[in-house]
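Content type mmCIF, C-alpha atoms and all ligand atoms, from the file entry-v9.cif:
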```
data_input
loop_
_atom_site.label_atom_id
_atom_site.label_comp_id
_atom_site.auth_asym_id
_atom_site.auth_seq_id
_atom_site.Cartn_x
_atom_site.Cartn_y
_atom_site.Cartn_z
CA MET A 133 0.00 0.00 0.00
CA GLU A 134 1.20 3.48 -0.82
CA ILE A 135 0.76 6.39 1.52
CA ILE A 136 0.35 9.66 -0.34
CA LEU A 137 1.46 12.71 1.60
CA ASN A 138 -0.13 16.01 0.80
CA PRO A 139 2.62 18.03 -0.94
CA LEU A 140 1.28 21.27 0.57
CA PRO A 141 0.50 20.65 4.23
CA LEU A 142 -2.48 22.64 5.50
CA VAL A 143 -0.87 23.16 8.89
CA ALA A 144 2.74 24.31 9.01
CA LYS A 145 5.05 22.77 11.59
CA ILE A 146 5.98 24.84 14.60
CA ALA A 147 9.37 24.03 16.12
CA THR A 148 9.50 23.55 19.89
CA ASN A 149 11.91 26.50 20.20
CA ASP A 150 9.90 28.82 17.94
CA TYR A 151 8.90 31.36 20.59
CA VAL A 152 7.63 33.81 18.01
CA GLY A 153 5.30 31.20 16.51
CA PHE A 154 4.20 30.17 19.98
CA THR A 155 3.29 33.72 21.05
CA PHE A 156 1.41 34.28 17.77
CA PHE A 157 -0.59 31.13 18.48
CA VAL A 158 -1.36 31.88 22.11
CA GLY A 159 -2.01 35.53 21.29
CA CYS A 160 -4.55 34.53 18.64
CA MET A 161 -6.40 32.24 21.05
CA ALA A 162 -6.34 34.81 23.87
CA MET A 163 -7.78 37.52 21.61
CA MET A 164 -10.54 35.18 20.45
CA ALA A 165 -11.43 34.17 24.00
CA ALA A 166 -11.44 37.79 25.20
CA SER A 167 -13.75 38.80 22.33
CA VAL A 168 -16.25 36.08 23.20
CA PHE A 169 -16.10 37.16 26.84
CA PHE A 170 -16.76 40.83 26.08
CA PHE A 171 -19.54 40.17 23.55
CA PHE A 172 -21.34 37.68 25.78
CA SER A 173 -21.12 39.94 28.84
CA MET A 174 -23.25 42.55 27.07
CA ASN A 175 -26.33 42.01 29.28
CA SER A 176 -24.57 42.03 32.66
CA TYR A 177 -24.70 45.78 33.27
CA ASP A 178 -26.50 49.01 32.59
CA ARG A 179 -27.26 49.75 28.91
CA LYS A 180 -25.22 52.94 28.87
CA TRP A 181 -21.97 50.92 29.04
CA ARG A 182 -22.81 48.79 26.03
CA THR A 183 -20.92 50.86 23.46
CA SER A 184 -17.80 50.85 25.64
CA ILE A 185 -17.81 47.07 26.00
CA LEU A 186 -18.67 46.65 22.33
CA VAL A 187 -15.53 48.66 21.51
CA SER A 188 -13.50 46.49 23.93
CA GLY A 189 -14.73 43.40 22.09
CA LEU A 190 -14.06 44.94 18.67
CA ILE A 191 -10.47 45.71 19.68
CA THR A 192 -9.74 42.10 20.67
CA PHE A 193 -11.77 40.73 17.73
CA ILE A 194 -9.89 42.78 15.14
CA ALA A 195 -6.66 41.66 16.80
CA ALA A 196 -7.79 38.00 16.75
CA VAL A 197 -8.36 38.14 12.99
CA HIS A 198 -4.99 39.78 12.39
CA TYR A 199 -3.26 37.29 14.70
CA TRP A 200 -4.81 34.49 12.66
CA TYR A 201 -3.07 35.91 9.57
CA MET A 202 0.16 36.83 11.36
CA ARG A 203 0.43 33.35 12.83
CA ASP A 204 0.12 31.84 9.32
CA TYR A 205 2.45 34.40 7.79
CA TRP A 206 5.14 33.68 10.34
CA ALA A 207 4.72 29.91 9.98
CA ALA A 208 4.97 30.12 6.18
CA ASN A 209 7.73 32.72 5.79
CA GLY A 210 9.59 32.99 9.11
CA GLU A 211 9.45 36.77 8.74
CA SER A 212 7.84 39.56 10.75
CA PRO A 213 4.31 40.19 9.45
CA THR A 214 4.90 43.95 9.59
CA PHE A 215 2.08 44.84 7.22
CA PHE A 216 -0.62 42.91 9.16
CA ARG A 217 0.82 44.18 12.43
CA TYR A 218 0.39 47.80 11.50
CA VAL A 219 -3.02 47.33 9.87
CA ASP A 220 -4.13 45.78 13.16
CA TRP A 221 -2.70 48.70 15.17
CA ILE A 222 -4.06 51.42 12.88
CA LEU A 223 -7.55 50.00 13.55
CA THR A 224 -7.29 49.08 17.21
CA VAL A 225 -5.19 51.89 18.73
CA PRO A 226 -7.60 54.64 17.59
CA LEU A 227 -10.40 52.51 19.07
CA MET A 228 -8.54 52.61 22.39
CA CYS A 229 -8.58 56.41 22.08
CA VAL A 230 -12.34 56.21 21.48
CA GLU A 231 -12.57 54.22 24.72
CA PHE A 232 -11.11 57.16 26.69
CA TYR A 233 -13.69 59.46 25.12
CA LEU A 234 -16.59 57.07 25.81
CA ILE A 235 -15.91 56.70 29.51
CA LEU A 236 -15.34 60.47 29.92
CA LYS A 237 -18.54 61.38 28.11
CA VAL A 238 -20.40 61.39 31.44
CA ALA A 239 -18.27 64.41 32.42
CA GLY A 240 -18.96 66.12 29.08
CA ALA A 241 -15.95 65.03 27.00
CA LYS A 242 -16.05 66.56 23.53
CA ARG A 243 -15.46 64.83 20.21
CA SER A 244 -12.43 67.10 19.70
CA LEU A 245 -10.65 65.31 22.57
CA MET A 246 -11.28 61.98 20.86
CA TRP A 247 -10.07 63.21 17.47
CA ARG A 248 -6.95 64.74 18.97
CA LEU A 249 -5.99 61.40 20.52
CA ILE A 250 -6.85 59.54 17.32
CA VAL A 251 -4.73 61.84 15.14
CA LEU A 252 -1.79 61.56 17.56
CA SER A 253 -2.04 57.77 17.59
CA VAL A 254 -2.13 57.66 13.77
CA ILE A 255 0.99 59.88 13.60
CA MET A 256 2.68 57.57 16.13
CA LEU A 257 1.86 54.46 14.08
CA VAL A 258 2.48 55.76 10.55
CA THR A 259 5.93 57.10 11.50
CA GLY A 260 6.71 53.80 13.27
CA TYR A 261 5.68 51.88 10.16
CA LEU A 262 7.87 54.04 7.91
CA GLY A 263 10.81 53.46 10.24
CA GLU A 264 10.32 49.70 10.18
CA THR A 265 9.86 49.45 6.42
CA VAL A 266 10.45 52.17 3.79
CA PHE A 267 13.03 54.22 5.71
CA ARG A 268 14.59 51.45 7.75
CA ASP A 269 18.04 53.08 7.56
CA GLN A 270 16.64 56.08 9.43
CA ALA A 271 14.60 53.98 11.85
CA GLN A 272 15.88 55.96 14.84
CA ILE A 273 14.60 59.29 13.49
CA TRP A 274 11.15 57.90 12.63
CA GLY A 275 11.07 56.14 15.99
CA LEU A 276 11.84 59.46 17.68
CA ILE A 277 8.98 61.26 15.89
CA SER A 278 6.70 58.37 16.79
CA GLY A 279 7.90 58.61 20.41
CA ILE A 280 7.08 62.33 20.55
CA ALA A 281 3.49 61.65 19.43
CA TYR A 282 3.32 58.93 22.07
CA PHE A 283 4.48 61.37 24.79
CA VAL A 284 1.85 63.92 23.76
CA ILE A 285 -0.82 61.22 24.19
CA VAL A 286 0.62 60.36 27.62
CA TYR A 287 0.62 64.06 28.55
CA ASP A 288 -2.98 64.58 27.40
CA ILE A 289 -4.44 61.74 29.38
CA TRP A 290 -2.27 62.09 32.50
CA LEU A 291 -2.13 65.87 32.86
CA GLY A 292 -4.24 67.47 30.13
CA LYS A 293 -7.92 67.88 29.38
CA ALA A 294 -8.76 64.18 29.81
CA LYS A 295 -7.45 64.24 33.37
CA LYS A 296 -9.64 67.23 34.27
CA LEU A 297 -12.72 65.48 32.87
CA ALA A 298 -11.90 62.31 34.79
CA GLN A 299 -11.67 64.30 38.01
CA GLU A 300 -15.02 65.94 37.33
CA ALA A 301 -16.57 62.52 36.74
CA GLY A 302 -14.99 61.12 39.93
CA GLY A 303 -15.78 57.71 41.44
CA ALA A 304 -15.48 54.58 39.31
CA VAL A 305 -14.81 56.58 36.12
CA LEU A 306 -11.85 58.38 37.69
CA LYS A 307 -10.47 55.08 38.93
CA ALA A 308 -10.84 53.41 35.52
CA HIS A 309 -9.29 56.42 33.79
CA LYS A 310 -6.27 56.23 36.11
CA THR A 311 -5.79 52.54 35.38
CA LEU A 312 -6.04 53.13 31.62
CA CYS A 313 -3.46 55.91 32.00
CA TRP A 314 -1.07 53.40 33.59
CA PHE A 315 -1.65 51.01 30.71
CA VAL A 316 -0.66 53.72 28.24
CA LEU A 317 2.39 54.83 30.26
CA VAL A 318 3.78 51.40 31.13
CA GLY A 319 1.98 48.94 28.83
CA TRP A 320 2.47 50.96 25.65
CA ALA A 321 6.13 51.59 26.54
CA ILE A 322 6.70 47.90 25.74
CA TYR A 323 6.39 48.69 22.00
CA PRO A 324 9.39 51.02 21.59
CA ILE A 325 11.48 48.24 23.17
CA GLY A 326 10.35 45.83 20.44
CA TYR A 327 11.04 48.49 17.82
CA MET A 328 14.57 49.06 19.12
CA ALA A 329 15.20 45.31 19.27
CA GLY A 330 14.18 44.95 15.63
CA THR A 331 15.50 48.00 13.77
CA PRO A 332 18.99 49.45 13.21
CA GLY A 333 20.04 52.53 15.22
CA TRP A 334 22.21 53.87 18.07
CA TYR A 335 20.37 51.45 20.37
CA GLU A 336 21.55 48.39 18.45
CA GLY A 337 22.61 45.58 20.76
CA LEU A 338 20.87 47.18 23.76
CA PHE A 339 18.03 44.68 23.47
CA GLY A 340 20.15 42.17 21.61
CA GLY A 341 18.52 38.87 22.38
CA LEU A 342 14.95 40.11 22.16
CA SER A 343 12.64 39.39 19.23
CA LEU A 344 10.57 42.32 17.99
CA ASP A 345 7.59 40.04 17.43
CA VAL A 346 7.67 38.40 20.86
CA VAL A 347 7.80 41.84 22.49
CA TYR A 348 4.94 43.18 20.35
CA ASN A 349 2.85 40.05 20.99
CA ILE A 350 3.27 40.34 24.75
CA GLY A 351 2.44 44.05 24.55
CA ASP A 352 -0.72 43.38 22.56
CA ALA A 353 -2.01 40.72 24.95
CA ILE A 354 -1.44 42.94 28.00
CA ASN A 355 -2.81 46.12 26.45
CA LYS A 356 -5.75 44.97 24.38
CA ILE A 357 -7.18 42.46 26.84
CA GLY A 358 -6.18 44.53 29.89
CA PHE A 359 -7.77 47.72 28.52
CA GLY A 360 -11.00 45.82 27.84
CA LEU A 361 -11.08 44.33 31.32
CA VAL A 362 -10.66 47.75 32.94
CA VAL A 363 -13.69 49.02 31.01
CA TYR A 364 -15.62 45.83 31.80
CA ASN A 365 -14.83 46.28 35.49
CA LEU A 366 -16.01 49.90 35.33
CA ALA A 367 -19.31 48.87 33.72
CA VAL A 368 -19.94 46.17 36.33
CA THR A 369 -19.04 48.24 39.40
CA ALA A 370 -20.84 51.39 38.22
CA SER A 371 -24.00 49.39 37.38
CA ALA A 372 -23.95 47.64 40.76
CA LYS A 373 -23.72 50.98 42.58
CA GLU A 374 -26.65 52.43 40.69
CA ALA A 375 -28.87 49.37 41.15
C1 LIG B 1 -3.02 47.04 20.45
C2 LIG B 1 -1.90 47.73 20.01
C3 LIG B 1 -1.28 48.75 20.67
C4 LIG B 1 -1.77 49.26 21.98
C5 LIG B 1 -0.13 49.30 20.03
C6 LIG B 1 0.58 50.33 20.49
C7 LIG B 1 1.74 50.74 19.82
C8 LIG B 1 2.61 51.71 20.24
C9 LIG B 1 2.38 52.49 21.50
C10 LIG B 1 3.79 51.95 19.43
C11 LIG B 1 4.71 52.88 19.66
C12 LIG B 1 5.95 53.13 18.93
C13 LIG B 1 6.79 54.10 19.48
C14 LIG B 1 6.40 54.91 20.69
C15 LIG B 1 8.15 54.40 18.92
C16 LIG B 1 8.64 53.34 17.98
C17 LIG B 1 7.60 52.95 17.00
C18 LIG B 1 6.35 52.37 17.66
C19 LIG B 1 5.25 52.49 16.60
C20 LIG B 1 6.61 50.90 17.98
#
```
What does this structure look like when you write it as structure tokens?
Amino acid sequence: MEIILNPLPLVAKIATNDYVGFTFFVGCMAMMAASVFFFFSMNSYDRKWRTSILVSGLITFIAAVHYWYMRDYWAANGESPTFFRYVDWILTVPLMCVEFYLILKVAGAKRSLMWRLIVLSVIMLVTGYLGETVFRDQAQIWGLISGIAYFVIVYDIWLGKAKKLAQEAGGAVLKAHKTLCWFVLVGWAIYPIGYMAGTPGWYEGLFGGLSLDVVYNIGDAINKIGFGLVVYNLAVTASAKEA
């Protein structure tokens, strides 16, 4: 009897020491699970929080779909899926900015605050993308511009208009805002480390052994799922208080 092997296997092999492939796999599953959790929790709190949780679920869902592709891309090519990575970010990071606006709406947050954060995040990501791809030789300059946009976002939410609104809202909203601020200050700071580990520049060798993709994957899991859980927690605690 002859055994015929499929010449094009449907599932690529993942080596036991392929940490990048492993984190793409686990990341994909975690994003899927988080999305199901957020979508199915929709009836557990007051209606006014629905949009916020919907956005939390959309963030992890969009990431899950991109991780599905990135996981395949890595398995097939053994290269960073930079294109999918940045398409994912350009959709999900502005949605995280929307999240700030949504929870501060109770204190009268204006659309302009939301758009300001969105524009800053797009500048941060487009310049980062250019540094990783088209202008790789000048990655440090593009990374610097990206970093400046990042610091303006940090300033806005920690010390600017968003902070004032959070204080006016007080209570559970203020607490959630504070936690989200920490995510942006500490959680988002993971990304420049990945960038420096994976692009040429003065920082070369500083993060020598690190893989850009492993760092980005860890950052995404912490930030996307963590962000969503903070908002979920706000919805549950605020609804319980009002009931
Ligand atoms: C879900 C995805 C998130 C929260 C992605 C966030 C990405 C960043 C905060 C990226 C920042 C970068 C810099 C601050 C400088 C170097 C280039 C970037 C784009 C990696």
Interatomic distance, CA of Phe215 (chain A) to CA of Phe171 (chain A) (Å, one decimal)
27.5 Å
How many Å lie between CA of Gln270 (chain A) and CA of Val152 (chain A), rounded to one decimal?
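Between CA of Gln270 (chain A) and CA of Val152 (chain A) the gap works out to 25.5 Å.
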Find the residues with any atom within 7 Å of (17.2, 55.4, 17.4); use all atoms listed in the file and the coordinates as given in the file, and write the answer as a list of chain:residue names.
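Those within range, by chain then number, are A:Ala271, A:Gln272, A:Ile273, A:Gly275, A:Leu276, A:Gly333, A:Trp334, A:Tyr335.
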As a quick test: using only C-alpha atoms and all ligand atoms, which residues lie no more than 8 Å away from ligand LIG 1 (chain B)? Give them as a PyMOL selection string.
chain A and resi 191+195+220-221+224-225+228+253+256-261+263+274-283+316+319-328+348+351-353+355-356
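The two atoms in question, CA of Gly303 (chain A) and CA of Phe232 (chain A), are spaced 15.5 Å apart.
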Excluding Val305 (chain A) and residues on its chain fewer than 4 positions from it, collect all residues at most 10 Å away from it, counting only C-alpha atoms, and give them as a VMD selection string.
chain A and resid 235 to 236 238 to 239 297 to 301 309 to 311 363 366 to 367 369 to 370
Selection from above, C-alpha atoms, as an mmCIF file, keeping the file's coordinate frame, can you write it?
```cif
data_model
loop_
_atom_site.group_PDB
_atom_site.id
_atom_site.type_symbol
_atom_site.label_atom_id
_atom_site.label_comp_id
_atom_site.auth_asym_id
_atom_site.auth_seq_id
_atom_site.Cartn_x
_atom_site.Cartn_y
_atom_site.Cartn_z
ATOM 1 C CA ILE A 235 -15.910 56.700 29.510
ATOM 2 C CA LEU A 236 -15.340 60.470 29.920
ATOM 3 C CA VAL A 238 -20.400 61.390 31.440
ATOM 4 C CA ALA A 239 -18.270 64.410 32.420
ATOM 5 C CA LEU A 297 -12.720 65.480 32.870
ATOM 6 C CA ALA A 298 -11.900 62.310 34.790
ATOM 7 C CA GLN A 299 -11.670 64.300 38.010
ATOM 8 C CA GLU A 300 -15.020 65.940 37.330
ATOM 9 C CA ALA A 301 -16.570 62.520 36.740
ATOM 10 C CA HIS A 309 -9.290 56.420 33.790
ATOM 11 C CA LYS A 310 -6.270 56.230 36.110
ATOM 12 C CA THR A 311 -5.790 52.540 35.380
ATOM 13 C CA VAL A 363 -13.690 49.020 31.010
ATOM 14 C CA LEU A 366 -16.010 49.900 35.330
ATOM 15 C CA ALA A 367 -19.310 48.870 33.720
ATOM 16 C CA THR A 369 -19.040 48.240 39.400
ATOM 17 C CA ALA A 370 -20.840 51.390 38.220
#
```
Just so I have it separately, write region 296-310 of chain A from the block I sent, keeping all heavy atoms, as a CSV table (one decimal), in the first residue's frame.
```
chain,number,residue,atom,x,y,z
A,296,LYS,N,-8.7,66.3,33.6
A,296,LYS,CA,-9.6,67.2,34.3
A,296,LYS,C,-11.0,66.6,34.2
A,296,LYS,O,-11.8,66.6,35.2
A,296,LYS,CB,-9.6,68.6,33.6
A,296,LYS,CG,-9.0,69.7,34.4
A,296,LYS,CD,-9.2,71.0,33.8
A,296,LYS,CE,-7.8,71.7,33.6
A,296,LYS,NZ,-7.6,72.2,32.2
A,297,LEU,N,-11.4,66.1,33.1
A,297,LEU,CA,-12.7,65.5,32.9
A,297,LEU,C,-12.9,64.3,33.8
A,297,LEU,O,-13.9,64.1,34.4
A,297,LEU,CB,-12.9,65.1,31.4
A,297,LEU,CG,-13.1,66.2,30.4
A,297,LEU,CD1,-12.9,65.7,29.0
A,297,LEU,CD2,-14.5,66.8,30.6
A,298,ALA,N,-11.8,63.5,33.9
A,298,ALA,CA,-11.9,62.3,34.8
A,298,ALA,C,-12.1,62.7,36.2
A,298,ALA,O,-12.9,62.1,37.0
A,298,ALA,CB,-10.6,61.5,34.7
A,299,GLN,N,-11.5,63.8,36.6
A,299,GLN,CA,-11.7,64.3,38.0
A,299,GLN,C,-13.1,64.8,38.2
A,299,GLN,O,-13.7,64.6,39.3
A,299,GLN,CB,-10.6,65.4,38.3
A,299,GLN,CG,-9.3,64.8,38.7
A,299,GLN,CD,-8.2,65.8,38.8
A,299,GLN,OE1,-8.3,66.9,38.2
A,299,GLN,NE2,-7.2,65.5,39.6
A,300,GLU,N,-13.6,65.5,37.2
A,300,GLU,CA,-15.0,65.9,37.3
A,300,GLU,C,-16.0,64.8,37.4
A,300,GLU,O,-17.0,64.8,38.2
A,300,GLU,CB,-15.4,66.8,36.1
A,300,GLU,CG,-14.9,68.2,36.2
A,300,GLU,CD,-14.9,69.0,34.9
A,300,GLU,OE1,-15.8,68.7,34.1
A,300,GLU,OE2,-14.0,69.8,34.7
A,301,ALA,N,-15.7,63.7,36.7
A,301,ALA,CA,-16.6,62.5,36.7
A,301,ALA,C,-16.5,61.8,38.1
A,301,ALA,O,-17.4,61.4,38.7
A,301,ALA,CB,-16.2,61.6,35.6
A,302,GLY,N,-15.2,61.7,38.6
A,302,GLY,CA,-15.0,61.1,39.9
A,302,GLY,C,-15.3,59.6,40.0
A,302,GLY,O,-15.6,59.0,38.9
A,303,GLY,N,-15.3,59.1,41.2
A,303,GLY,CA,-15.8,57.7,41.4
A,303,GLY,C,-15.1,56.7,40.6
A,303,GLY,O,-13.9,56.7,40.3
A,304,ALA,N,-16.0,55.7,40.1
A,304,ALA,CA,-15.5,54.6,39.3
A,304,ALA,C,-14.8,55.0,38.0
A,304,ALA,O,-13.9,54.4,37.5
A,304,ALA,CB,-16.6,53.6,39.1
A,305,VAL,N,-15.4,56.1,37.4
A,305,VAL,CA,-14.8,56.6,36.1
A,305,VAL,C,-13.4,57.1,36.3
A,305,VAL,O,-12.5,56.8,35.6
A,305,VAL,CB,-15.7,57.7,35.5
A,305,VAL,CG1,-15.0,58.3,34.3
A,305,VAL,CG2,-17.0,57.1,35.1
A,306,LEU,N,-13.2,57.9,37.4
A,306,LEU,CA,-11.8,58.4,37.7
A,306,LEU,C,-10.9,57.2,37.9
A,306,LEU,O,-9.7,57.2,37.4
A,306,LEU,CB,-11.9,59.3,38.9
A,306,LEU,CG,-10.6,59.8,39.4
A,306,LEU,CD1,-9.9,60.7,38.4
A,306,LEU,CD2,-10.7,60.6,40.7
A,307,LYS,N,-11.3,56.2,38.6
A,307,LYS,CA,-10.5,55.1,38.9
A,307,LYS,C,-10.1,54.3,37.6
A,307,LYS,O,-8.9,54.0,37.4
A,307,LYS,CB,-11.2,54.1,39.9
A,307,LYS,CG,-10.3,53.8,41.1
A,307,LYS,CD,-11.1,52.9,42.1
A,307,LYS,CE,-10.5,51.5,42.0
A,307,LYS,NZ,-11.3,50.5,42.7
A,308,ALA,N,-11.1,54.1,36.8
A,308,ALA,CA,-10.8,53.4,35.5
A,308,ALA,C,-9.9,54.2,34.6
A,308,ALA,O,-9.0,53.7,34.0
A,308,ALA,CB,-12.2,53.1,34.8
A,309,HIS,N,-10.1,55.5,34.6
A,309,HIS,CA,-9.3,56.4,33.8
A,309,HIS,C,-7.8,56.3,34.2
A,309,HIS,O,-6.9,56.2,33.4
A,309,HIS,CB,-9.8,57.9,33.9
A,309,HIS,CG,-8.9,58.8,33.1
A,309,HIS,ND1,-9.0,59.0,31.8
A,309,HIS,CD2,-7.9,59.6,33.5
A,309,HIS,CE1,-8.1,59.9,31.4
A,309,HIS,NE2,-7.4,60.3,32.4
A,310,LYS,N,-7.6,56.4,35.5
A,310,LYS,CA,-6.3,56.2,36.1
A,310,LYS,C,-5.6,54.9,35.7
A,310,LYS,O,-4.4,54.9,35.3
A,310,LYS,CB,-6.4,56.3,37.6
A,310,LYS,CG,-5.8,57.5,38.3
A,310,LYS,CD,-4.3,57.6,38.3
A,310,LYS,CE,-3.7,58.9,38.4
A,310,LYS,NZ,-4.1,59.7,39.5
```
